[in-house]
Every structure is written in C-alpha cells, then in structure tokens.
file input23.cif (mmCIF, C-alpha atoms)
data_target
#
loop_
_atom_site.group_PDB
_atom_site.id
_atom_site.type_symbol
_atom_site.label_atom_id
_atom_site.label_comp_id
_atom_site.auth_asym_id
_atom_site.auth_seq_id
_atom_site.Cartn_x
_atom_site.Cartn_y
_atom_site.Cartn_z
ATOM 1 C CA MET A 1034 61.488 12.026 -89.575
ATOM 2 C CA ALA A 1035 63.642 13.203 -86.689
ATOM 3 C CA ALA A 1036 61.932 13.623 -83.363
ATOM 4 C CA ALA A 1037 61.211 17.148 -82.201
ATOM 5 C CA PRO A 1038 63.433 18.477 -79.412
ATOM 6 C CA PRO A 1039 61.987 18.906 -75.920
ATOM 7 C CA PRO A 1040 60.921 22.408 -74.894
ATOM 8 C CA THR A 1041 63.527 24.589 -73.244
ATOM 9 C CA ARG A 1042 61.163 25.726 -70.495
ATOM 10 C CA PRO A 1043 59.233 23.852 -67.792
ATOM 11 C CA ILE A 1044 55.750 22.703 -68.772
ATOM 12 C CA LYS A 1045 52.669 21.962 -66.726
ATOM 13 C CA VAL A 1046 50.022 19.295 -67.363
ATOM 14 C CA LEU A 1047 46.618 18.768 -65.754
ATOM 15 C CA MET A 1048 45.842 15.095 -65.050
ATOM 16 C CA LEU A 1049 42.145 14.143 -64.897
ATOM 17 C CA HIS A 1050 41.270 10.807 -63.332
ATOM 18 C CA GLY A 1051 38.519 8.420 -64.335
ATOM 19 C CA PHE A 1052 35.146 7.704 -62.744
ATOM 20 C CA THR A 1053 35.482 6.131 -59.250
ATOM 21 C CA GLN A 1054 39.134 7.207 -58.973
ATOM 22 C CA SER A 1055 40.712 10.159 -57.143
ATOM 23 C CA GLY A 1056 43.677 12.407 -57.806
ATOM 24 C CA PRO A 1057 45.978 10.418 -55.466
ATOM 25 C CA SER A 1058 44.856 7.029 -56.811
ATOM 26 C CA PHE A 1059 45.356 8.177 -60.420
ATOM 27 C CA HIS A 1060 48.784 9.509 -59.473
ATOM 28 C CA ALA A 1061 49.683 6.143 -57.969
ATOM 29 C CA LYS A 1062 48.632 4.340 -61.154
ATOM 30 C CA THR A 1063 50.677 6.655 -63.381
ATOM 31 C CA ARG A 1064 53.942 6.918 -61.441
ATOM 32 C CA ALA A 1065 55.778 5.032 -64.200
ATOM 33 C CA LEU A 1066 54.440 7.493 -66.754
ATOM 34 C CA GLU A 1067 55.470 10.426 -64.568
ATOM 35 C CA LYS A 1068 58.996 9.009 -64.270
ATOM 36 C CA ASN A 1069 59.282 8.675 -68.056
ATOM 37 C CA LEU A 1070 57.953 12.194 -68.630
ATOM 38 C CA LEU A 1071 60.461 13.650 -66.185
ATOM 39 C CA LYS A 1072 63.251 12.002 -68.164
ATOM 40 C CA ALA A 1073 61.856 13.161 -71.503
ATOM 41 C CA PHE A 1074 61.472 16.811 -70.475
ATOM 42 C CA PRO A 1075 64.725 17.808 -68.764
ATOM 43 C CA ALA A 1076 63.686 21.457 -68.475
ATOM 44 C CA GLY A 1077 60.958 20.293 -66.117
ATOM 45 C CA ILE A 1078 57.395 18.994 -66.195
ATOM 46 C CA THR A 1079 54.789 19.285 -63.446
ATOM 47 C CA LEU A 1080 51.764 16.999 -63.331
ATOM 48 C CA SER A 1081 48.788 18.241 -61.309
ATOM 49 C CA TYR A 1082 46.311 15.616 -60.045
ATOM 50 C CA PRO A 1083 43.084 17.169 -58.727
ATOM 51 C CA THR A 1084 40.253 15.062 -57.325
ATOM 52 C CA ALA A 1085 36.806 15.473 -58.873
ATOM 53 C CA PRO A 1086 34.237 17.218 -56.663
ATOM 54 C CA LEU A 1087 31.430 14.636 -56.732
ATOM 55 C CA ARG A 1088 31.857 12.002 -54.037
ATOM 56 C CA LEU A 1089 30.221 8.795 -55.200
ATOM 57 C CA ALA A 1090 27.913 6.714 -53.073
ATOM 58 C CA PRO A 1091 28.029 2.907 -53.185
ATOM 59 C CA ALA A 1092 25.004 2.970 -55.506
ATOM 60 C CA ASP A 1093 26.982 5.066 -58.005
ATOM 61 C CA VAL A 1094 29.935 2.683 -58.064
ATOM 62 C CA PRO A 1095 30.065 -0.232 -60.502
ATOM 63 C CA PHE A 1096 29.432 -3.593 -58.855
ATOM 64 C CA GLN A 1097 32.940 -4.811 -59.622
ATOM 65 C CA LEU A 1098 34.472 -2.019 -57.532
ATOM 66 C CA ALA A 1099 31.922 -2.139 -54.726
ATOM 67 C CA SER A 1100 32.427 -5.895 -54.312
ATOM 68 C CA THR A 1101 36.118 -5.377 -53.565
ATOM 69 C CA ASN A 1102 35.389 -3.204 -50.543
ATOM 70 C CA SER A 1103 34.447 -4.470 -47.126
ATOM 71 C CA GLU A 1104 30.825 -4.117 -46.032
ATOM 72 C CA ALA A 1105 31.841 -1.313 -43.677
ATOM 73 C CA GLU A 1106 33.561 0.581 -46.484
ATOM 74 C CA VAL A 1107 30.672 0.168 -48.891
ATOM 75 C CA ASN A 1108 28.155 1.350 -46.330
ATOM 76 C CA ALA A 1109 30.252 4.350 -45.324
ATOM 77 C CA GLU A 1110 30.084 7.752 -46.951
ATOM 78 C CA GLU A 1111 33.870 7.777 -47.069
ATOM 79 C CA ILE A 1112 34.351 5.447 -50.011
ATOM 80 C CA ASP A 1113 37.255 6.931 -51.992
ATOM 81 C CA ALA A 1114 35.445 7.166 -55.318
ATOM 82 C CA TRP A 1115 34.853 10.430 -57.182
ATOM 83 C CA GLY A 1116 33.450 11.640 -60.467
ATOM 84 C CA TRP A 1117 33.372 14.711 -62.681
ATOM 85 C CA TRP A 1118 29.676 13.931 -63.251
ATOM 86 C CA ARG A 1119 27.159 11.111 -62.766
ATOM 87 C CA ARG A 1120 25.782 9.492 -65.884
ATOM 88 C CA LYS A 1121 22.021 9.192 -66.138
ATOM 89 C CA GLY A 1122 20.349 6.741 -68.495
ATOM 90 C CA GLU A 1123 20.681 3.086 -69.413
ATOM 91 C CA ALA A 1124 21.750 3.753 -73.004
ATOM 92 C CA GLU A 1125 22.827 6.636 -75.207
ATOM 93 C CA PRO A 1126 22.004 9.436 -75.284
ATOM 94 C CA TYR A 1127 23.206 9.866 -71.707
ATOM 95 C CA THR A 1128 22.860 12.991 -69.606
ATOM 96 C CA TYR A 1129 25.462 14.057 -67.091
ATOM 97 C CA GLU A 1130 24.264 15.114 -63.659
ATOM 98 C CA GLY A 1131 26.644 17.508 -61.927
ATOM 99 C CA ILE A 1132 28.677 18.378 -65.019
ATOM 100 C CA ASP A 1133 28.552 22.098 -64.178
ATOM 101 C CA GLN A 1134 30.011 21.361 -60.754
ATOM 102 C CA GLY A 1135 32.731 19.160 -62.239
ATOM 103 C CA LEU A 1136 33.720 21.700 -64.873
ATOM 104 C CA GLY A 1137 33.512 24.509 -62.332
ATOM 105 C CA HIS A 1138 35.944 22.672 -60.066
ATOM 106 C CA ILE A 1139 38.400 22.390 -62.953
ATOM 107 C CA ALA A 1140 37.946 26.117 -63.631
ATOM 108 C CA ASP A 1141 39.004 26.801 -60.040
ATOM 109 C CA ILE A 1142 42.101 24.628 -60.537
ATOM 110 C CA LEU A 1143 42.995 26.558 -63.700
ATOM 111 C CA LYS A 1144 42.760 29.857 -61.858
ATOM 112 C CA LYS A 1145 44.700 28.695 -58.804
ATOM 113 C CA GLU A 1146 47.381 26.514 -60.397
ATOM 114 C CA GLY A 1147 47.552 27.571 -64.061
ATOM 115 C CA PRO A 1148 48.557 28.276 -66.631
ATOM 116 C CA PHE A 1149 48.739 24.725 -67.974
ATOM 117 C CA ASP A 1150 50.224 23.673 -71.287
ATOM 118 C CA GLY A 1151 47.972 20.669 -71.705
ATOM 119 C CA VAL A 1152 45.660 18.100 -70.179
ATOM 120 C CA ILE A 1153 45.746 14.298 -69.991
ATOM 121 C CA GLY A 1154 42.661 12.359 -68.958
ATOM 122 C CA PHE A 1155 41.588 8.757 -68.498
ATOM 123 C CA SER A 1156 38.082 7.417 -69.237
ATOM 124 C CA GLN A 1157 35.612 9.992 -67.859
ATOM 125 C CA GLY A 1158 38.660 12.205 -67.364
ATOM 126 C CA GLY A 1159 39.501 11.726 -71.054
ATOM 127 C CA ALA A 1160 36.042 12.888 -72.038
ATOM 128 C CA CYS A 1161 36.452 15.798 -69.643
ATOM 129 C CA ALA A 1162 39.878 16.661 -71.106
ATOM 130 C CA ALA A 1163 38.282 17.135 -74.522
ATOM 131 C CA MET A 1164 35.521 19.279 -73.038
ATOM 132 C CA LEU A 1165 38.085 21.442 -71.261
ATOM 133 C CA ALA A 1166 40.158 21.907 -74.417
ATOM 134 C CA SER A 1167 36.995 22.883 -76.270
ATOM 135 C CA LEU A 1168 35.822 25.390 -73.667
ATOM 136 C CA LEU A 1169 39.096 27.317 -73.845
ATOM 137 C CA GLU A 1170 39.038 27.734 -77.622
ATOM 138 C CA PRO A 1171 38.168 31.094 -79.223
ATOM 139 C CA GLY A 1172 34.529 31.441 -80.244
ATOM 140 C CA ARG A 1173 33.296 28.418 -78.316
ATOM 141 C CA ARG A 1174 30.740 30.462 -76.361
ATOM 142 C CA ASP A 1175 28.979 31.281 -79.631
ATOM 143 C CA ALA A 1176 28.636 27.579 -80.408
ATOM 144 C CA PHE A 1177 27.023 26.929 -77.040
ATOM 145 C CA GLU A 1178 24.615 29.826 -77.499
ATOM 146 C CA LYS A 1179 23.649 28.470 -80.938
ATOM 147 C CA PHE A 1180 22.580 25.122 -79.508
ATOM 148 C CA TYR A 1181 21.008 26.531 -76.342
ATOM 149 C CA SER A 1182 17.808 27.327 -78.242
ATOM 150 C CA THR A 1183 17.422 23.611 -79.093
ATOM 151 C CA GLY A 1184 18.052 22.293 -75.589
ATOM 152 C CA GLY A 1185 21.828 22.592 -75.354
ATOM 153 C CA MET A 1186 23.619 23.572 -72.166
ATOM 154 C CA ARG A 1187 24.843 27.120 -71.669
ATOM 155 C CA TYR A 1188 28.505 27.974 -71.852
ATOM 156 C CA PRO A 1189 29.746 27.580 -68.241
ATOM 157 C CA GLU A 1190 30.031 31.004 -66.643
ATOM 158 C CA SER A 1191 32.917 29.697 -64.553
ATOM 159 C CA TYR A 1192 35.054 29.854 -67.726
ATOM 160 C CA THR A 1193 34.356 33.495 -68.507
ATOM 161 C CA ALA A 1194 37.045 35.910 -67.358
ATOM 162 C CA ASP A 1195 35.857 38.801 -65.196
ATOM 163 C CA THR A 1196 37.202 41.477 -67.541
ATOM 164 C CA GLY A 1197 34.010 42.904 -68.992
ATOM 165 C CA TYR A 1198 34.535 41.022 -72.251
ATOM 166 C CA VAL A 1199 32.435 37.864 -72.536
ATOM 167 C CA GLU A 1200 34.743 36.507 -75.232
ATOM 168 C CA GLU A 1201 37.667 36.160 -72.829
ATOM 169 C CA THR A 1202 38.190 32.905 -70.945
ATOM 170 C CA ILE A 1203 39.827 32.363 -67.561
ATOM 171 C CA HIS A 1204 42.774 30.519 -69.116
ATOM 172 C CA PRO A 1205 44.588 30.544 -72.471
ATOM 173 C CA GLN A 1206 43.759 27.890 -75.042
ATOM 174 C CA LEU A 1207 45.550 24.650 -74.230
ATOM 175 C CA LYS A 1208 48.402 23.595 -76.483
ATOM 176 C CA PHE A 1209 47.420 19.919 -76.393
ATOM 177 C CA ALA A 1210 45.031 17.362 -74.934
ATOM 178 C CA VAL A 1211 45.341 13.592 -74.538
ATOM 179 C CA SER A 1212 42.576 11.065 -73.948
ATOM 180 C CA TYR A 1213 43.028 7.488 -72.749
ATOM 181 C CA SER A 1214 39.804 5.489 -73.222
ATOM 182 C CA GLY A 1215 37.842 8.729 -73.438
ATOM 183 C CA PHE A 1216 34.547 9.270 -75.226
ATOM 184 C CA ALA A 1217 32.227 11.882 -76.680
ATOM 185 C CA ALA A 1218 28.871 12.827 -75.192
ATOM 186 C CA ARG A 1219 26.862 12.050 -78.308
ATOM 187 C CA GLY A 1220 23.284 11.488 -79.362
ATOM 188 C CA THR A 1221 21.822 14.579 -77.730
ATOM 189 C CA ASP A 1222 21.792 18.305 -78.433
ATOM 190 C CA ILE A 1223 22.696 19.056 -74.822
ATOM 191 C CA TYR A 1224 26.468 18.784 -75.338
ATOM 192 C CA ARG A 1225 26.831 19.664 -79.035
ATOM 193 C CA GLY A 1226 28.539 22.937 -78.172
ATOM 194 C CA PHE A 1227 31.646 21.021 -77.114
ATOM 195 C CA TYR A 1228 32.036 19.342 -80.506
ATOM 196 C CA GLU A 1229 30.517 21.630 -83.145
ATOM 197 C CA PRO A 1230 32.556 23.181 -84.594
ATOM 198 C CA LYS A 1231 35.155 20.471 -84.181
ATOM 199 C CA ILE A 1232 37.753 20.731 -81.420
ATOM 200 C CA GLN A 1233 40.765 22.625 -82.757
ATOM 201 C CA THR A 1234 43.212 21.873 -79.937
ATOM 202 C CA PRO A 1235 45.669 19.121 -80.993
ATOM 203 C CA MET A 1236 44.459 15.928 -79.313
ATOM 204 C CA LEU A 1237 45.891 12.416 -79.119
ATOM 205 C CA HIS A 1238 43.610 9.426 -78.463
ATOM 206 C CA PHE A 1239 44.626 6.089 -76.926
ATOM 207 C CA LEU A 1240 42.179 3.178 -77.237
ATOM 208 C CA GLY A 1241 42.419 -0.297 -75.730
ATOM 209 C CA SER A 1242 41.579 -2.972 -78.287
ATOM 210 C CA LEU A 1243 40.132 -5.103 -75.464
ATOM 211 C CA ASP A 1244 38.363 -2.276 -73.627
ATOM 212 C CA ALA A 1245 35.070 -3.668 -72.332
ATOM 213 C CA VAL A 1246 34.102 -0.530 -70.381
ATOM 214 C CA VAL A 1247 34.104 2.180 -73.070
ATOM 215 C CA GLU A 1248 32.986 0.940 -76.473
ATOM 216 C CA GLU A 1249 35.346 1.665 -79.350
ATOM 217 C CA ALA A 1250 32.621 3.566 -81.203
ATOM 218 C CA ARG A 1251 32.287 6.035 -78.324
ATOM 219 C CA SER A 1252 36.048 6.689 -78.259
ATOM 220 C CA LEU A 1253 36.201 7.027 -82.040
ATOM 221 C CA ALA A 1254 33.320 9.515 -81.879
ATOM 222 C CA LEU A 1255 35.531 11.725 -79.729
ATOM 223 C CA ALA A 1256 38.421 11.447 -82.180
ATOM 224 C CA GLN A 1257 36.089 12.315 -85.036
ATOM 225 C CA ALA A 1258 34.922 15.382 -83.111
ATOM 226 C CA CYS A 1259 38.462 16.776 -83.395
ATOM 227 C CA GLU A 1260 39.539 18.820 -86.409
ATOM 228 C CA LYS A 1261 42.531 16.575 -87.008
ATOM 229 C CA SER A 1262 42.183 12.937 -85.982
ATOM 230 C CA GLU A 1263 44.133 11.155 -88.721
ATOM 231 C CA GLY A 1264 47.377 9.873 -87.247
ATOM 232 C CA ARG A 1265 46.288 10.776 -83.724
ATOM 233 C CA ILE A 1266 44.610 7.502 -82.738
ATOM 234 C CA VAL A 1267 46.813 4.907 -81.032
ATOM 235 C CA TYR A 1268 45.569 1.417 -80.147
ATOM 236 C CA HIS A 1269 47.151 -0.631 -77.382
ATOM 237 C CA PRO A 1270 46.451 -4.375 -77.007
ATOM 238 C CA GLY A 1271 44.843 -4.094 -73.602
ATOM 239 C CA GLY A 1272 41.654 -3.226 -71.818
ATOM 240 C CA HIS A 1273 40.374 -0.231 -69.881
ATOM 241 C CA PHE A 1274 43.595 1.160 -68.463
ATOM 242 C CA LEU A 1275 46.310 3.699 -69.152
ATOM 243 C CA PRO A 1276 49.495 2.040 -70.477
ATOM 244 C CA SER A 1277 51.952 4.026 -68.384
ATOM 245 C CA SER A 1278 55.052 1.853 -68.625
ATOM 246 C CA GLN A 1279 54.992 0.212 -72.077
ATOM 247 C CA LYS A 1280 57.737 1.925 -74.047
ATOM 248 C CA ALA A 1281 55.927 2.170 -77.391
ATOM 249 C CA TYR A 1282 52.881 3.959 -75.973
ATOM 250 C CA VAL A 1283 54.849 6.218 -73.647
ATOM 251 C CA SER A 1284 56.994 7.172 -76.656
ATOM 252 C CA ALA A 1285 53.854 7.991 -78.649
ATOM 253 C CA LEU A 1286 52.695 10.354 -75.901
ATOM 254 C CA ILE A 1287 56.100 12.000 -75.503
ATOM 255 C CA GLY A 1288 56.552 12.385 -79.258
ATOM 256 C CA PHE A 1289 53.127 13.997 -79.611
ATOM 257 C CA ILE A 1290 53.723 16.505 -76.812
ATOM 258 C CA LYS A 1291 57.164 17.430 -78.144
ATOM 259 C CA GLU A 1292 55.881 17.906 -81.697
ATOM 260 C CA VAL A 1293 52.961 20.075 -80.605
ATOM 261 C CA LEU A 1294 55.048 22.253 -78.298
ATOM 262 C CA HIS A 1295 57.824 22.566 -80.879
ATOM 263 C CA ALA A 1296 55.329 23.682 -83.524
ATOM 264 C CA ASN A 1297 53.813 26.102 -81.025
ATOM 265 C CA GLU A 1298 57.211 27.621 -80.283
ATOM 266 C CA LYS A 1299 57.842 28.024 -84.015
ATOM 267 C CA GLY A 1300 54.395 29.544 -84.382
ATOM 268 C CA ASP A 1301 53.600 27.701 -87.612
ATOM 269 C CA GLY A 1302 50.884 25.432 -86.276
ATOM 270 C CA SER A 1303 52.242 22.512 -88.291
ATOM 271 C CA GLU A 1304 52.044 19.672 -85.798
ATOM 272 C CA ASP A 1305 52.800 16.249 -87.215
ATOM 273 C CA GLY A 1306 50.588 13.234 -86.798
ATOM 274 C CA VAL A 1307 51.691 10.175 -84.854
ATOM 275 C CA GLU A 1308 52.292 8.362 -88.129
ATOM 276 C CA ASP A 1309 54.976 10.947 -89.026
ATOM 277 C CA MET A 1310 56.884 10.629 -85.762
ATOM 278 C CA ASP A 1311 59.934 8.532 -85.021
ATOM 279 C CA MET A 1312 58.012 5.843 -83.156
ATOM 280 C CA PRO A 1313 59.186 2.373 -82.086
ATOM 281 C CA PHE A 1314 56.043 0.663 -83.439
#

call {"tool": "encode", "arguments": {"input": "input23.cif", "output": "structure tokens"}}
result
Amino acid sequence: MAAAPPPTRPIKVLMLHGFTQSGPSFHAKTRALEKNLLKAFPAGITLSYPTAPLRLAPADVPFQLASTNSEAEVNAEEIDAWGWWRRKGEAEPYTYEGIDQGLGHIADILKKEGPFDGVIGFSQGGACAAMLASLLEPGRRDAFEKFYSTGGMRYPESYTADTGYVEETIHPQLKFAVSYSGFAARGTDIYRGFYEPKIQTPMLHFLGSLDAVVEEARSLALAQACEKSEGRIVYHPGGHFLPSSQKAYVSALIGFIKEVLHANEKGDGSEDGVEDMDMPF
C-alpha cells in the first residue's frame, strides 16, 4: 500500500538511552538516525535526549565497559554512565532499585519540555519507553491499584496531574512508542500494572538477531504485552545496538511513525502494521 504522508505540523520525540549511557552519548550514536528523521519530516521533528538520574558506580557497570576506562576513570565518581534504575538479582524475576526516581525524572521532563508525540528507547530505555507509554494511558492507575494488594508497586504520584482529579495524568497519552532491544519486567507481581491490561499505545519493537545482552524471549515478552504486536516486530541481523543508518530499518521506523500519526490525525485509530507498509525489505 502507499506510504502515509508526513504530518503537516512539527512533532516532538523523547529519546531514552540505555543502561550505562547518557543523553549526549545516545545522541552521538543516533546522529545518522536524527539526520534521516529530519529529512522524512519536513514540517519539523525535535528529538529530546535527557540523561537518566542515577549515576552508576564502577561496580554497577558491566565489566566490558569498565575495562575500557583508565584506572583513574573507573575509580572516580565521574564515570559517565547512567541508568533509569539498577537491576537487582542474578536471574528473573528482577527488581529495579530506583525506578521511582527514574520515572519521576522523566515526569519532570514531560512537564518542562512536553507535550511529546512519542518516545523511542534503547535497551533499558526501550523498557522504560513502554512503561512511560503505559503510565499515560487512561485507567492505568486502576490497574496498579489492583496489583498493589499482591505486592505490586503503586502508580507513581509524579504522573498524577495536580487538578483534583486522580484520573488525570501530567501529559496526554503518547501517540506512539518504539523499543530497540527493550524488554518487559516479567516474573513478578511488582510491575504487572504496566502490562495488564495490555499496553494500548501503538508500539514498534526492533530486535537484534545476534543480541547477546537482552535475550530474545525478554524482548518478545514486551511485544506480547502490547495490545497489537503482530506486524510490529522487526528483526535486524545484528547485536545489541540501534541500527540508525541502515536504510531498511530506518524506513521501518519512519513508516511506522507516519502511519500512526496519519491515523491519529484522521481519528480512526486504524494504524497499519509494519507488514502492510511500503517497506524496502
């Protein structure tokens, strides 16, 4: 089918980096993607790259990264590695230390820089992108309250608008979300509120067929936690990275965003899956 036209207004996208990265380092790694998006959306597109609030110590950083730093850098508190949370546990189910702080920081960004049309995240940022999309959906607070009695986390108060109505959130529901090598927090009741009921926000998932950092099953669990996952899973023949310059995968991203925004402008909610788009695969 013919590709959807680009929106006629500027759009804004929140970019969430992965564990051990920062906003500036993620921006540097995705400059090719940014260049392609600017071409694809002539009315304008702004990408916002915040840095997560949790500064990581050398002990938090995977050995592969720590070994690339000098001894002085590793021993310093100024290592440029940040996270939206710290994972606790040697195997699933994991718990996430500092998740309230990470989500609260994003809430501040939404209030200061929003509104955003969508969110794109990589790895831990991809998992966080799904959580953010979920939190901004109508009725999500009720889901969190349901699972709170069985050990689930509470709905973050930082996402409740100060209007006197607990149902209102600080930001409108996102129009789309994209995850590169993201994952679901599964195997525990703590985070069920994010995924039950399933995430309604249109979400596209990119998985690396050679990804040795995030297991395929964890990424597929996130896709399956979305109301519509068929046709919204794209594999690339690489490892744990965001393919920001390969034409086929950039086209998949651009086509998805255009389709979702076009459907939103029409108001019919009939977004097409990736398999229906005019893709160069």

call {"tool": "atom_distance", "arguments": {"input": "input23.cif", "atom1": "atom CA of A:Phe1074", "atom2": "atom CA of A:Gly1288"}}
result
11.0 Å

call {"tool": "resolve_selection", "arguments": {"input": "input23.cif", "expression": "the PyMOL selection byres ((chain A and resi 1225) around 12)", "output": "PyMOL selection string"}}
result
chain A and resi 1126+1164+1167-1168+1173-1188+1217-1224+1226-1232+1255+1258

call {"tool": "write_last_selection", "arguments": {"input": "input23.cif", "atoms": "C-alpha atoms", "output": "PDB file, keeping the file's coordinate frame"}}
result
ATOM      1  CA  PRO A1126      22.004   9.436 -75.284  1.00  0.00           C
ATOM      2  CA  MET A1164      35.521  19.279 -73.038  1.00  0.00           C
ATOM      3  CA  SER A1167      36.995  22.883 -76.270  1.00  0.00           C
ATOM      4  CA  LEU A1168      35.822  25.390 -73.667  1.00  0.00           C
ATOM      5  CA  ARG A1173      33.296  28.418 -78.316  1.00  0.00           C
ATOM      6  CA  ARG A1174      30.740  30.462 -76.361  1.00  0.00           C
ATOM      7  CA  ASP A1175      28.979  31.281 -79.631  1.00  0.00           C
ATOM      8  CA  ALA A1176      28.636  27.579 -80.408  1.00  0.00           C
ATOM      9  CA  PHE A1177      27.023  26.929 -77.040  1.00  0.00           C
ATOM     10  CA  GLU A1178      24.615  29.826 -77.499  1.00  0.00           C
ATOM     11  CA  LYS A1179      23.649  28.470 -80.938  1.00  0.00           C
ATOM     12  CA  PHE A1180      22.580  25.122 -79.508  1.00  0.00           C
ATOM     13  CA  TYR A1181      21.008  26.531 -76.342  1.00  0.00           C
ATOM     14  CA  SER A1182      17.808  27.327 -78.242  1.00  0.00           C
ATOM     15  CA  THR A1183      17.422  23.611 -79.093  1.00  0.00           C
ATOM     16  CA  GLY A1184      18.052  22.293 -75.589  1.00  0.00           C
ATOM     17  CA  GLY A1185      21.828  22.592 -75.354  1.00  0.00           C
ATOM     18  CA  MET A1186      23.619  23.572 -72.166  1.00  0.00           C
ATOM     19  CA  ARG A1187      24.843  27.120 -71.669  1.00  0.00           C
ATOM     20  CA  TYR A1188      28.505  27.974 -71.852  1.00  0.00           C
ATOM     21  CA  ALA A1217      32.227  11.882 -76.680  1.00  0.00           C
ATOM     22  CA  ALA A1218      28.871  12.827 -75.192  1.00  0.00           C
ATOM     23  CA  ARG A1219      26.862  12.050 -78.308  1.00  0.00           C
ATOM     24  CA  GLY A1220      23.284  11.488 -79.362  1.00  0.00           C
ATOM     25  CA  THR A1221      21.822  14.579 -77.730  1.00  0.00           C
ATOM     26  CA  ASP A1222      21.792  18.305 -78.433  1.00  0.00           C
ATOM     27  CA  ILE A1223      22.696  19.056 -74.822  1.00  0.00           C
ATOM     28  CA  TYR A1224      26.468  18.784 -75.338  1.00  0.00           C
ATOM     29  CA  GLY A1226      28.539  22.937 -78.172  1.00  0.00           C
ATOM     30  CA  PHE A1227      31.646  21.021 -77.114  1.00  0.00           C
ATOM     31  CA  TYR A1228      32.036  19.342 -80.506  1.00  0.00           C
ATOM     32  CA  GLU A1229      30.517  21.630 -83.145  1.00  0.00           C
ATOM     33  CA  PRO A1230      32.556  23.181 -84.594  1.00  0.00           C
ATOM     34  CA  LYS A1231      35.155  20.471 -84.181  1.00  0.00           C
ATOM     35  CA  ILE A1232      37.753  20.731 -81.420  1.00  0.00           C
ATOM     36  CA  LEU A1255      35.531  11.725 -79.729  1.00  0.00           C
ATOM     37  CA  ALA A1258      34.922  15.382 -83.111  1.00  0.00           C
TER      38      ALA A1258
END

call {"tool": "atom_distance", "arguments": {"input": "input23.cif", "atom1": "atom CA of A:Gly1151", "atom2": "atom CA of A:Tyr1129"}}
result
23.9 Å

call {"tool": "atom_distance", "arguments": {"input": "input23.cif", "atom1": "atom CA of A:Val1283", "atom2": "atom CA of A:Pro1270"}}
result
13.9 Å

call {"tool": "residues_around", "arguments": {"input": "input23.cif", "residues": "A:Leu1243", "least_positions_apart": "3", "cutoff": "12 Å", "atoms": "all atoms listed in the file", "output": "PyMOL selection string"}}
result
chain A and resi 1214+1240+1246-1249+1268-1274

call {"tool": "write_last_selection", "arguments": {"input": "input23.cif", "atoms": "C-alpha atoms", "output": "PDB file, in the coordinates of the input"}}
result
ATOM      1  CA  SER A1214      39.804   5.489 -73.222  1.00  0.00           C
ATOM      2  CA  LEU A1240      42.179   3.178 -77.237  1.00  0.00           C
ATOM      3  CA  VAL A1246      34.102  -0.530 -70.381  1.00  0.00           C
ATOM      4  CA  VAL A1247      34.104   2.180 -73.070  1.00  0.00           C
ATOM      5  CA  GLU A1248      32.986   0.940 -76.473  1.00  0.00           C
ATOM      6  CA  GLU A1249      35.346   1.665 -79.350  1.00  0.00           C
ATOM      7  CA  TYR A1268      45.569   1.417 -80.147  1.00  0.00           C
ATOM      8  CA  HIS A1269      47.151  -0.631 -77.382  1.00  0.00           C
ATOM      9  CA  PRO A1270      46.451  -4.375 -77.007  1.00  0.00           C
ATOM     10  CA  GLY A1271      44.843  -4.094 -73.602  1.00  0.00           C
ATOM     11  CA  GLY A1272      41.654  -3.226 -71.818  1.00  0.00           C
ATOM     12  CA  HIS A1273      40.374  -0.231 -69.881  1.00  0.00           C
ATOM     13  CA  PHE A1274      43.595   1.160 -68.463  1.00  0.00           C
TER      14      PHE A1274
END

call {"tool": "residues_near_point", "arguments": {"input": "input23.cif", "point": "(50.5, 10.0, -54.8)", "cutoff": "12 Å", "atoms": "all atoms listed in the file", "output": "VMD selection string"}}
result
chain A and resid 1055 to 1065 1067 1080 to 1084

call {"tool": "residues_around", "arguments": {"input": "input23.cif", "residues": "A:Glu1201", "least_positions_apart": "2", "cutoff": "12 Å", "atoms": "all atoms listed in the file", "output": "PyMOL selection string"}}
result
chain A and resi 1168-1174+1190-1199+1203-1206

call {"tool": "closest_residue", "arguments": {"input": "input23.cif", "among": "A:Thr1202, A:Gln1054, A:Gln1257, A:Thr1079", "to": "A:Leu1143", "atoms": "all atoms listed in the file"}}
result
A:Thr1202

call {"tool": "resolve_selection", "arguments": {"input": "input23.cif", "expression": "the PyMOL selection byres ((chain A and resi 1234) around 9)", "output": "PyMOL selection string"}}
result
chain A and resi 1163+1166-1167+1170+1206-1210+1232-1233+1235-1236+1259-1261

call {"tool": "resolve_selection", "arguments": {"input": "input23.cif", "expression": "the PyMOL selection byres ((chain A and resi 1049) around 10)", "output": "PyMOL selection string"}}
result
chain A and resi 1046-1048+1050-1052+1054-1056+1059-1060+1081-1085+1117+1139+1152-1162+1212

call {"tool": "closest_residue", "arguments": {"input": "input23.cif", "among": "A:Pro1040, A:Pro1148, A:Gly1264, A:Gly1131", "to": "A:Leu1237", "atoms": "only C-alpha atoms"}}
result
A:Gly1264

call {"tool": "decode", "arguments": {"input": "input23.cif", "residues": "stretch 1049-1059 of chain A", "atoms": "N, CA and C atoms", "output": "mmCIF file, in the first residue's frame"}}
result
data_model
loop_
_atom_site.group_PDB
_atom_site.id
_atom_site.type_symbol
_atom_site.label_atom_id
_atom_site.label_comp_id
_atom_site.auth_asym_id
_atom_site.auth_seq_id
_atom_site.Cartn_x
_atom_site.Cartn_y
_atom_site.Cartn_z
ATOM 1 N N LEU A 1049 15.175 7.912 24.973
ATOM 2 C CA LEU A 1049 15.638 7.361 26.246
ATOM 3 C C LEU A 1049 16.807 6.407 26.026
ATOM 4 N N HIS A 1050 17.940 6.750 26.588
ATOM 5 C CA HIS A 1050 19.162 5.979 26.382
ATOM 6 C C HIS A 1050 19.168 4.682 27.185
ATOM 7 N N GLY A 1051 20.128 3.838 26.881
ATOM 8 C CA GLY A 1051 20.277 2.569 27.566
ATOM 9 C C GLY A 1051 21.112 2.674 28.830
ATOM 10 N N PHE A 1052 21.164 1.580 29.568
ATOM 11 C CA PHE A 1052 21.949 1.483 30.798
ATOM 12 C C PHE A 1052 23.416 1.718 30.477
ATOM 13 N N THR A 1053 24.068 2.538 31.288
ATOM 14 C CA THR A 1053 25.475 2.970 31.191
ATOM 15 C C THR A 1053 25.692 4.072 30.161
ATOM 16 N N GLN A 1054 24.662 4.493 29.443
ATOM 17 C CA GLN A 1054 24.808 5.601 28.507
ATOM 18 C C GLN A 1054 24.387 6.908 29.189
ATOM 19 N N SER A 1055 24.369 7.983 28.391
ATOM 20 C CA SER A 1055 23.865 9.283 28.831
ATOM 21 C C SER A 1055 23.106 9.886 27.664
ATOM 22 N N GLY A 1056 22.402 10.984 27.907
ATOM 23 C CA GLY A 1056 21.712 11.652 26.822
ATOM 24 C C GLY A 1056 22.657 12.054 25.703
ATOM 25 N N PRO A 1057 23.781 12.750 26.014
ATOM 26 C CA PRO A 1057 24.719 13.140 24.958
ATOM 27 C C PRO A 1057 25.345 11.958 24.218
ATOM 28 N N SER A 1058 25.688 10.880 24.944
ATOM 29 C CA SER A 1058 26.303 9.741 24.256
ATOM 30 C C SER A 1058 25.298 9.041 23.348
ATOM 31 N N PHE A 1059 24.034 8.956 23.783
ATOM 32 C CA PHE A 1059 22.993 8.351 22.949
ATOM 33 C C PHE A 1059 22.734 9.219 21.718
#
